[in-house]
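For reference, structure_31.cif (mmCIF, C-alpha atoms):
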data_data
#
loop_
_atom_site.label_atom_id
_atom_site.label_comp_id
_atom_site.auth_asym_id
_atom_site.auth_seq_id
_atom_site.Cartn_x
_atom_site.Cartn_y
_atom_site.Cartn_z
CA MET A 1096 82.87 82.44 160.67
CA LEU A 1097 79.73 80.40 159.91
CA LEU A 1098 77.70 82.46 162.37
CA VAL A 1099 79.00 85.65 160.78
CA ILE A 1100 77.96 84.43 157.32
CA PHE A 1101 74.53 83.35 158.61
CA ARG A 1102 73.97 86.70 160.33
CA GLN A 1103 74.94 88.78 157.29
CA PHE A 1104 72.68 86.83 154.94
CA PHE A 1105 69.83 86.66 157.47
CA LEU A 1106 69.78 90.45 157.71
CA LEU A 1107 69.70 90.71 153.92
CA GLY A 1108 66.99 88.05 153.76
CA CYS A 1109 64.80 90.23 156.01
CA MET A 1110 64.98 93.28 153.77
CA SER A 1111 65.78 92.05 150.24
CA PHE A 1112 62.61 93.09 148.44
CA GLY A 1113 62.36 93.43 144.67
CA GLY A 1114 63.25 90.04 143.23
CA PRO A 1115 66.49 88.45 141.97
CA ALA A 1116 67.88 91.48 140.12
CA ALA A 1117 67.49 93.63 143.23
CA HIS A 1118 69.05 90.90 145.39
CA LEU A 1119 72.19 90.96 143.25
CA GLY A 1120 72.41 94.71 143.78
CA TYR A 1121 72.12 94.25 147.55
CA PHE A 1122 74.85 91.57 147.48
CA LYS A 1123 77.24 93.78 145.54
CA ARG A 1124 76.84 96.75 147.84
CA HIS A 1125 77.14 94.63 150.98
CA PHE A 1126 79.70 91.93 150.18
CA VAL A 1127 81.81 93.61 147.50
CA ASP A 1128 81.69 97.32 148.29
CA THR A 1129 81.24 97.27 152.08
CA LEU A 1130 82.69 94.01 153.46
CA ASN A 1131 85.22 93.32 150.66
CA TRP A 1132 84.53 89.59 150.83
CA LEU A 1133 85.25 89.27 147.09
CA THR A 1134 86.30 91.44 144.16
CA ASN A 1135 84.09 93.01 141.50
CA THR A 1136 85.58 90.68 138.90
CA ARG A 1137 84.90 87.53 140.90
CA TYR A 1138 81.39 88.70 141.76
CA ALA A 1139 80.66 89.26 138.06
CA GLN A 1140 81.92 85.75 137.31
CA LEU A 1141 79.56 84.24 139.91
CA ILE A 1142 76.61 86.15 138.43
CA SER A 1143 77.50 84.95 134.95
CA LEU A 1144 77.65 81.34 136.13
CA SER A 1145 74.33 81.60 137.97
CA GLN A 1146 72.65 82.95 134.84
CA ALA A 1147 73.98 80.08 132.73
CA LEU A 1148 72.88 77.30 135.10
CA PRO A 1149 69.38 76.20 136.07
CA GLY A 1150 68.26 77.17 139.53
CA PRO A 1151 67.50 80.27 141.62
CA GLY A 1152 69.97 82.87 140.34
CA SER A 1153 70.32 85.19 143.33
CA SER A 1154 70.27 82.30 145.82
CA GLN A 1155 72.98 80.53 143.83
CA VAL A 1156 75.13 83.67 144.04
CA SER A 1157 74.53 83.91 147.81
CA PHE A 1158 75.47 80.24 148.17
CA ALA A 1159 78.61 80.77 146.08
CA ILE A 1160 79.65 83.77 148.18
CA GLY A 1161 79.35 81.58 151.29
CA VAL A 1162 81.43 78.85 149.60
CA GLU A 1163 84.11 81.39 148.64
CA ARG A 1164 84.21 82.55 152.25
CA ALA A 1165 84.09 79.28 154.22
CA GLY A 1166 83.66 76.30 151.91
CA VAL A 1167 80.50 74.20 151.56
CA LEU A 1168 79.42 74.86 155.16
CA GLY A 1169 79.71 78.56 154.46
CA GLY A 1170 77.44 78.12 151.44
CA ILE A 1171 74.89 76.26 153.56
CA ALA A 1172 75.00 78.98 156.23
CA ALA A 1173 74.43 81.63 153.56
CA PHE A 1174 71.49 79.69 152.10
CA ILE A 1175 69.80 79.18 155.48
CA GLY A 1176 70.30 82.80 156.51
CA PHE A 1177 69.02 84.32 153.27
CA THR A 1178 66.06 81.93 152.88
CA LEU A 1179 64.85 81.57 156.48
CA PRO A 1180 62.83 84.84 156.71
CA SER A 1181 60.85 84.22 153.52
CA PHE A 1182 60.47 80.51 154.39
CA LEU A 1183 58.82 81.36 157.71
CA ILE A 1184 56.50 83.94 156.13
CA MET A 1185 55.43 81.57 153.34
CA VAL A 1186 54.69 78.76 155.81
CA LEU A 1187 52.50 81.10 157.87
CA LEU A 1188 50.67 82.29 154.75
CA ALA A 1189 50.09 78.74 153.51
CA ILE A 1190 48.74 77.60 156.87
CA SER A 1191 46.58 80.59 157.73
CA ALA A 1192 45.41 82.03 154.39
CA HIS A 1193 42.12 80.14 154.18
CA GLN A 1194 41.13 81.18 157.69
CA PHE A 1195 40.37 84.63 156.33
CA ASP A 1196 37.52 83.27 154.15
CA ALA A 1197 35.93 86.07 152.08
CA VAL A 1198 38.80 88.50 152.55
CA TYR A 1199 41.28 85.86 151.44
CA PHE A 1200 39.46 85.13 148.18
CA ALA A 1201 39.04 88.83 147.48
CA VAL A 1202 42.76 89.43 147.90
CA ILE A 1203 43.55 86.40 145.72
CA ALA A 1204 41.44 87.87 142.91
CA GLY A 1205 43.56 91.01 143.02
CA LEU A 1206 46.81 89.08 143.27
CA LYS A 1207 45.91 87.14 140.11
CA LEU A 1208 45.73 90.41 138.18
CA PHE A 1209 48.98 91.51 139.84
CA ALA A 1210 50.61 88.29 138.61
CA VAL A 1211 49.53 89.05 135.02
CA VAL A 1212 51.39 92.36 135.05
CA ILE A 1213 54.51 91.02 136.80
CA VAL A 1214 54.85 87.94 134.57
CA ALA A 1215 54.22 90.00 131.42
CA ASP A 1216 57.01 92.37 132.48
CA ALA A 1217 59.35 89.46 133.24
CA THR A 1218 58.55 87.81 129.89
CA LEU A 1219 59.31 90.97 127.95
CA SER A 1220 62.52 91.65 129.88
CA MET A 1221 63.77 88.09 129.39
CA ALA A 1222 62.85 88.14 125.71
CA LYS A 1223 64.93 91.29 125.19
CA SER A 1224 67.87 89.78 127.05
CA PHE A 1225 67.82 86.24 125.64
CA CYS A 1226 66.15 86.41 122.19
CA THR A 1227 68.83 88.42 120.43
CA SER A 1228 68.62 86.81 116.97
CA ILE A 1229 65.95 85.56 114.58
CA THR A 1230 66.80 81.95 115.43
CA LEU A 1231 66.48 82.50 119.18
CA LYS A 1232 63.21 84.42 118.72
CA LEU A 1233 61.84 81.58 116.61
CA LEU A 1234 62.90 79.06 119.25
CA ALA A 1235 61.04 81.04 121.93
CA VAL A 1236 57.88 81.23 119.80
CA LEU A 1237 57.92 77.50 119.02
CA SER A 1238 58.50 76.74 122.71
CA THR A 1239 55.45 78.86 123.60
CA LEU A 1240 53.20 77.18 121.04
CA ALA A 1241 54.32 73.68 122.03
CA LEU A 1242 53.53 74.29 125.71
CA ILE A 1243 50.15 75.88 124.98
CA LEU A 1244 49.17 72.88 122.85
CA LEU A 1245 50.79 70.23 125.09
CA PRO A 1246 51.09 71.62 128.65
CA MET A 1247 52.95 68.71 130.24
CA MET A 1248 56.24 68.14 132.05
CA GLY A 1249 57.32 65.82 129.23
CA THR A 1250 56.91 68.65 126.72
CA GLN A 1251 59.11 70.92 128.81
CA ILE A 1252 61.84 68.29 129.10
CA ALA A 1253 61.72 67.60 125.35
CA ILE A 1254 62.01 71.32 124.57
CA LEU A 1255 65.04 71.72 126.84
CA VAL A 1256 66.79 68.69 125.32
CA ILE A 1257 66.09 69.83 121.76
CA ALA A 1258 67.20 73.41 122.49
CA ALA A 1259 70.46 72.34 124.16
CA THR A 1260 71.24 69.91 121.32
CA MET A 1261 70.45 72.48 118.66
CA GLY A 1262 72.70 75.04 120.34
CA ALA A 1263 75.57 72.57 120.58
CA VAL A 1264 75.30 71.43 116.96
CA TRP A 1265 74.56 74.84 115.46
CA PRO A 1266 76.46 77.63 117.28
CA LEU A 1267 74.07 80.53 117.82
CA LEU A 1268 76.44 83.08 119.32
CA LYS A 1269 79.42 85.10 118.13
CA LEU A 1270 81.82 85.14 121.03
CA GLY A 1271 84.42 87.28 119.32
CA ASN A 1272 88.15 86.75 119.70
CA ASN A 1273 88.30 86.25 123.44
CA PRO A 1274 91.66 84.87 124.50
CA PRO A 1275 91.41 81.31 125.71
CA GLN A 1276 91.72 80.80 129.43
CA THR A 1277 94.70 78.90 130.63
CA SER A 1278 93.70 75.60 132.14
CA ASP A 1279 95.11 74.12 135.27
CA THR A 1280 94.16 71.52 137.82
CA LYS A 1281 92.37 74.12 139.93
CA ASN A 1282 89.97 75.01 137.13
CA THR A 1283 88.42 71.63 136.46
CA VAL A 1284 84.84 70.54 136.93
CA ASN A 1285 84.04 69.17 140.40
CA TRP A 1286 82.59 65.82 139.39
CA LEU A 1287 81.26 64.74 142.80
CA PRO A 1288 78.43 67.33 143.08
CA LEU A 1289 77.78 67.04 139.34
CA GLY A 1290 77.41 63.27 139.63
CA LEU A 1291 75.16 63.65 142.68
CA PHE A 1292 73.01 66.15 140.77
CA ALA A 1293 72.60 63.70 137.87
CA LEU A 1294 71.96 60.71 140.16
CA LEU A 1295 69.23 62.50 142.11
CA LEU A 1296 67.64 63.69 138.88
CA CYS A 1297 67.51 60.15 137.51
CA ILE A 1298 66.08 58.82 140.80
CA SER A 1299 63.37 61.51 140.72
CA PHE A 1300 61.86 59.89 137.61
CA ILE A 1301 61.69 56.39 139.15
CA PRO A 1302 58.22 55.49 140.51
CA LEU A 1303 58.90 54.78 144.19
CA GLY A 1304 55.50 55.41 145.72
CA ARG A 1305 52.90 58.14 146.04
CA GLU A 1306 54.60 60.25 148.73
CA PHE A 1307 57.90 60.13 146.85
CA ALA A 1308 56.20 61.15 143.58
CA LEU A 1309 54.45 64.00 145.40
CA PHE A 1310 57.71 65.88 145.99
CA THR A 1311 60.00 64.84 143.11
CA PRO A 1312 58.62 67.62 140.85
CA PHE A 1313 60.33 70.14 143.14
CA TYR A 1314 63.76 68.65 142.47
CA GLN A 1315 62.98 68.33 138.76
CA ALA A 1316 61.89 71.97 138.62
CA GLY A 1317 65.04 73.12 140.40
CA ALA A 1318 67.09 71.17 137.88
CA MET A 1319 65.35 72.63 134.82
CA VAL A 1320 64.47 76.24 135.68
CA PHE A 1321 66.59 78.51 133.51
CA GLY A 1322 65.83 82.20 133.85
CA GLY A 1323 65.04 82.53 137.54
CA GLY A 1324 62.04 82.46 139.82
CA HIS A 1325 59.40 83.56 137.32
CA VAL A 1326 59.90 80.44 135.21
CA VAL A 1327 59.38 78.06 138.14
CA LEU A 1328 55.62 78.64 138.04
CA PRO A 1329 54.86 76.81 134.74
CA ILE A 1330 57.30 74.00 135.49
CA LEU A 1331 55.86 73.31 138.94
CA GLN A 1332 52.33 73.55 137.63
CA ALA A 1333 53.04 70.84 135.08
CA GLY A 1334 54.53 68.59 137.77
CA LEU A 1335 51.91 69.19 140.48
CA PRO A 1336 48.50 68.70 138.82
CA THR A 1337 46.77 68.08 142.17
CA LEU A 1338 47.11 71.74 143.16
CA SER A 1339 44.69 74.36 141.84
CA ASP A 1340 45.49 77.47 139.79
CA ASP A 1341 44.50 79.59 142.79
CA GLN A 1342 47.10 77.86 144.95
CA PHE A 1343 49.84 78.41 142.37
CA LEU A 1344 48.99 82.05 141.78
CA SER A 1345 48.64 82.72 145.52
CA ALA A 1346 52.09 81.23 146.08
CA TYR A 1347 53.57 83.24 143.21
CA ALA A 1348 52.03 86.53 144.29
CA SER A 1349 53.05 85.95 147.91
CA ALA A 1350 56.64 85.29 146.85
CA GLN A 1351 56.59 88.60 144.95
CA ALA A 1352 55.33 90.51 147.98
CA ILE A 1353 57.85 89.35 150.61
CA PRO A 1354 61.64 89.70 150.93
CA GLY A 1355 64.04 86.92 149.98
CA PRO A 1356 64.23 84.39 147.13
CA MET A 1357 61.24 83.78 144.87
CA PHE A 1358 61.91 80.04 144.93
CA THR A 1359 60.19 79.94 148.32
CA ILE A 1360 57.06 79.55 146.20
CA ALA A 1361 57.95 75.87 146.78
CA THR A 1362 57.61 76.43 150.54
CA TYR A 1363 53.99 77.51 150.12
CA LEU A 1364 53.16 74.71 147.69
CA GLY A 1365 54.86 72.05 149.84
CA ALA A 1366 52.78 73.12 152.83
CA GLN A 1367 49.63 72.99 150.68
CA LEU A 1368 50.46 69.47 149.50
CA THR A 1369 50.67 68.13 153.05
CA SER A 1370 47.93 69.96 154.90
CA GLU A 1371 48.18 67.59 157.91
CA GLN A 1372 51.94 68.22 158.29
CA PRO A 1373 52.51 71.53 156.49
CA LEU A 1374 55.90 72.27 158.06
CA ILE A 1375 57.35 68.92 156.93
CA GLY A 1376 56.03 69.44 153.40
CA ALA A 1377 57.37 73.00 153.31
CA ILE A 1378 60.86 71.93 154.43
CA ALA A 1379 61.02 69.03 151.96
CA ALA A 1380 59.84 71.12 149.01
CA THR A 1381 62.21 73.99 149.84
CA LEU A 1382 65.29 71.78 150.15
CA LEU A 1383 64.45 69.84 146.99
CA ILE A 1384 63.98 72.88 144.76
CA PHE A 1385 67.16 74.64 145.92
CA THR A 1386 69.50 71.61 145.97
CA PRO A 1387 70.04 71.11 142.19
CA GLY A 1388 71.17 74.68 141.62
CA PHE A 1389 73.59 74.54 144.53
CA LEU A 1390 75.11 71.24 143.38
CA LEU A 1391 75.68 72.72 139.92
CA MET A 1392 77.31 75.83 141.41
CA LEU A 1393 79.70 73.58 143.35
CA ALA A 1394 80.43 71.60 140.19
CA PHE A 1395 81.29 74.57 137.95
CA GLN A 1396 82.31 77.37 140.31
CA LYS A 1397 86.04 76.90 139.66
CA SER A 1398 85.86 75.99 135.96
CA TRP A 1399 83.35 78.53 134.69
CA LEU A 1400 85.79 80.80 132.85
CA ASN A 1401 87.09 77.93 130.73
CA LEU A 1402 83.59 76.65 129.88
CA ALA A 1403 82.17 80.08 129.03
CA ASN A 1404 84.75 80.50 126.27
CA LYS A 1405 83.69 77.28 124.52
CA ALA A 1406 81.42 78.25 121.62
CA ARG A 1407 79.20 75.18 121.70
CA PHE A 1408 78.67 75.35 125.45
CA ALA A 1409 77.77 79.04 125.33
CA SER A 1410 75.47 78.40 122.37
CA SER A 1411 73.60 75.64 124.23
CA ILE A 1412 73.04 78.00 127.15
CA ALA A 1413 71.72 80.69 124.78
CA ALA A 1414 69.27 78.22 123.22
CA LEU A 1415 68.08 77.06 126.66
CA ASN A 1416 67.50 80.64 127.77
CA ALA A 1417 65.45 81.37 124.63
CA ALA A 1418 63.37 78.23 125.20
CA VAL A 1419 62.49 79.23 128.76
CA VAL A 1420 61.23 82.57 127.50
CA GLY A 1421 58.64 80.41 125.74
CA PHE A 1422 57.91 78.64 129.04
CA LEU A 1423 57.12 81.96 130.67
CA ALA A 1424 55.05 83.21 127.72
CA ALA A 1425 52.95 80.02 127.77
CA ALA A 1426 52.41 80.40 131.52
CA LEU A 1427 51.37 84.02 130.98
CA TYR A 1428 48.56 82.77 128.76
CA SER A 1429 47.58 79.77 130.88
CA PRO A 1430 47.00 79.68 133.80
CA ILE A 1431 47.78 83.30 134.61
CA TRP A 1432 45.72 85.24 132.04
CA THR A 1433 42.92 82.70 131.61
CA SER A 1434 42.24 82.42 135.34
CA ALA A 1435 42.63 86.13 136.20
CA VAL A 1436 41.09 88.18 133.38
CA HIS A 1437 37.34 87.94 132.86
CA ASN A 1438 36.17 91.31 131.48
CA LEU A 1439 37.26 94.35 129.49
CA TRP A 1440 37.87 96.67 132.43
CA GLN A 1441 40.41 94.19 133.82
CA VAL A 1442 42.15 94.15 130.43
CA GLY A 1443 42.30 97.95 130.52
CA LEU A 1444 43.65 97.96 134.07
CA ILE A 1445 46.38 95.49 133.14
CA ILE A 1446 47.41 97.51 130.08
CA VAL A 1447 47.60 100.76 132.08
CA THR A 1448 49.53 99.28 135.01
CA PHE A 1449 51.88 97.36 132.70
CA ALA A 1450 52.71 100.61 130.87
CA TRP A 1451 53.19 102.34 134.24
CA LEU A 1452 55.57 99.62 135.38
CA ARG A 1453 57.61 99.69 132.17
CA ILE A 1454 57.83 103.49 131.85
CA LYS A 1455 57.89 104.83 135.42
CA LYS A 1456 59.18 101.71 137.23
CA PRO A 1457 57.27 102.28 140.50
CA PRO A 1458 58.08 100.16 143.58
CA ILE A 1459 56.48 96.71 143.42
CA TRP A 1460 54.77 97.49 146.73
CA TRP A 1461 52.70 100.21 145.01
CA LEU A 1462 51.40 97.75 142.44
CA LEU A 1463 50.78 95.13 145.09
CA ALA A 1464 48.70 97.51 147.21
CA LEU A 1465 46.78 98.69 144.15
CA PHE A 1466 45.79 95.19 143.07
CA ILE A 1467 44.86 94.08 146.59
CA ALA A 1468 42.55 97.11 146.73
CA VAL A 1469 41.13 96.16 143.32
CA GLY A 1470 40.53 92.61 144.52
CA LEU A 1471 38.66 93.81 147.59
CA ALA A 1472 36.64 96.22 145.47
CA GLN A 1473 35.69 93.43 143.05
CA TYR A 1474 34.42 91.31 145.92
CA TYR A 1475 32.48 93.95 147.81
CA LEU A 1476 31.26 95.86 144.73
CA PRO A 1477 29.97 93.10 142.42
CA LEU A 1478 29.28 95.57 139.59
CA LEU A 1479 33.04 95.51 138.99
#
Show how you would write the structure in this file as structure tokens.
Amino acid sequence: MLLVIFRQFFLLGCMSFGGPAAHLGYFKRHFVDTLNWLTNTRYAQLISLSQALPGPGSSQVSFAIGVERAGVLGGIAAFIGFTLPSFLIMVLLAISAHQFDAVYFAVIAGLKLFAVVIVADATLSMAKSFCTSITLKLLAVLSTLALILLPMMGTQIAILVIAATMGAVWPLLKLGNNPPQTSDTKNTVNWLPLGLFALLLCISFIPLGREFALFTPFYQAGAMVFGGGHVVLPILQAGLPTLSDDQFLSAYASAQAIPGPMFTIATYLGAQLTSEQPLIGAIAATLLIFTPGFLLMLAFQKSWLNLANKARFASSIAALNAAVVGFLAAALYSPIWTSAVHNLWQVGLIIVTFAWLRIKKPPIWWLLALFIAVGLAQYYLPLL
């Protein structure tokens, strides 16, 4: 059974282009409609839970499908299968990218502009989904301003704590008259993975040496990223100040261009952190960033329906989601816009391609090819 799960997810990992939303569509067609591994209702519940918890949304759903099928080992098999193709590609890119010299830097210039359009689109989409009231919109704006003025990991943590507390004290959602779910012993929180999640998070903030501190930001990011792969960029940048903007944007753009989960941005960055042993750094960073989300899925997978009907819990999640819209908006300004856009023709290009993406919704590959061509043109035709 484990080999079957690995094989099914490995095949999807090789061809799942388009980001988390597209991945969820692939999963539904394959595991719900074709293989009948779970029902539409249960699949919708897993998606809802993944959206409410920090971590990589589509990867959490793939992990949960594996758990439903064959327990924790099934979840691990699903994770390895779905992530392995993009992991291998990102390691190769991180190791070999600089060997291309001039061509590499030309492509990076184009990918920076590509990142502006993609992150702007993600910010707008998340704002429409999560900022559904004046209060939530205000929370997103204040989160943006705070991170622009104080771009630090401590600021991000403070914003998340304040948002969750505000949502719990002041209910921000109207849940309607949903009938309460009946509780039973099978629908309780699994405290073992939840306790392990909290313990590892606390340990990550203890100063235990340089090498330890080098990789703890990956676990911290995985524990705090609400809203999916796009939001991981600003959180990791705050925790990894030794890496350059070019390295972050190269990792982000590469993750956009390949199949599989966007959280393999950590694979690229981990390899860059340990240039002498890039594979070790890539493995450590990848495992650390995915682990928190998987532990939380294990903790709440059976109790989600009961929790989702609690007004204060749902309100805290809504406030957290609005706050992370601010995270993404702040990242759109710095480092993405400030490091990519340097003249008026680039501004015009971004406006035109952003409108094209929003209105016509072309394949991401078209945009990627366009901006790589623009990057090469900028390098070889300096008048641009």
Exercise. Residues at most 12 Å from Thr1227 (chain A), counting only C-alpha atoms, excluding those fewer than 5 positions away in the same chain, as a PyMOL selection string?
Worked result: chain A and resi 1220-1222+1232-1235+1267-1269+1413-1414+1416-1417+1420
For this session: Decode the PyMOL selection byres ((chain A and resi 1203-1206) around 10) for the given file into explicit residues and return them as a ChimeraX atom specification.
Result: /A:1192,1197-1202,1207-1212,1341-1342,1344-1349,1351-1352,1434-1436,1462-1474
Contacts of Thr1218 (chain A) at 9 Å or less, counting all atoms listed in the file, minus same-chain residues fewer than 5 places along, as a compact mmCIF listing (two decimals) with C-alpha atoms, in the frame of the given file?
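The file below, part.txt, is the result:
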# COMPACT_ATOMS: atom_id res chain seq x y z
CA ILE A 1213 54.51 91.02 136.80
CA LYS A 1223 64.93 91.29 125.19
CA HIS A 1325 59.40 83.56 137.32
CA VAL A 1420 61.23 82.57 127.50
CA GLY A 1421 58.64 80.41 125.74
CA LEU A 1423 57.12 81.96 130.67
CA ALA A 1424 55.05 83.21 127.72
CA LEU A 1427 51.37 84.02 130.98
For this session: Please evaluate the PyMOL selection byres ((chain A and resi 1170) around 10) against the displayed coordinates and give the resulting residues as a PyMOL selection string.
Result: chain A and resi 1097+1100-1101+1155-1169+1171-1176+1389+1393
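Among the candidates A:Ala1426, A:Gly1262, A:Arg1137, A:Asp1216, the residue lying nearest to Ile1446 (chain A) is A:Asp1216 (atoms considered: only C-alpha atoms).
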Problem set entry | Evaluate the PyMOL selection byres ((chain A and resi 1188) around 12) and report residues as a PyMOL selection string | chain A and resi 1181-1187+1189-1195+1199+1342+1345-1350+1352-1353+1359-1360+1362-1364+1366-1367+1373-1374+1377
What does the file look like for those residues with C-alpha atoms, as a CSV table (one decimal), keeping the file's coordinate frame?
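Once written, part_1.csv looks like this:
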chain,number,residue,atom,x,y,z
A,1181,SER,CA,60.8,84.2,153.5
A,1182,PHE,CA,60.5,80.5,154.4
A,1183,LEU,CA,58.8,81.4,157.7
A,1184,ILE,CA,56.5,83.9,156.1
A,1185,MET,CA,55.4,81.6,153.3
A,1186,VAL,CA,54.7,78.8,155.8
A,1187,LEU,CA,52.5,81.1,157.9
A,1189,ALA,CA,50.1,78.7,153.5
A,1190,ILE,CA,48.7,77.6,156.9
A,1191,SER,CA,46.6,80.6,157.7
A,1192,ALA,CA,45.4,82.0,154.4
A,1193,HIS,CA,42.1,80.1,154.2
A,1194,GLN,CA,41.1,81.2,157.7
A,1195,PHE,CA,40.4,84.6,156.3
A,1199,TYR,CA,41.3,85.9,151.4
A,1342,GLN,CA,47.1,77.9,145.0
A,1345,SER,CA,48.6,82.7,145.5
A,1346,ALA,CA,52.1,81.2,146.1
A,1347,TYR,CA,53.6,83.2,143.2
A,1348,ALA,CA,52.0,86.5,144.3
A,1349,SER,CA,53.0,86.0,147.9
A,1350,ALA,CA,56.6,85.3,146.8
A,1352,ALA,CA,55.3,90.5,148.0
A,1353,ILE,CA,57.8,89.4,150.6
A,1359,THR,CA,60.2,79.9,148.3
A,1360,ILE,CA,57.1,79.6,146.2
A,1362,THR,CA,57.6,76.4,150.5
A,1363,TYR,CA,54.0,77.5,150.1
A,1364,LEU,CA,53.2,74.7,147.7
A,1366,ALA,CA,52.8,73.1,152.8
A,1367,GLN,CA,49.6,73.0,150.7
A,1373,PRO,CA,52.5,71.5,156.5
A,1374,LEU,CA,55.9,72.3,158.1
A,1377,ALA,CA,57.4,73.0,153.3
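Between CA of Ala1316 (chain A) and CA of Cys1109 (chain A) lies a distance of 25.4 Å.
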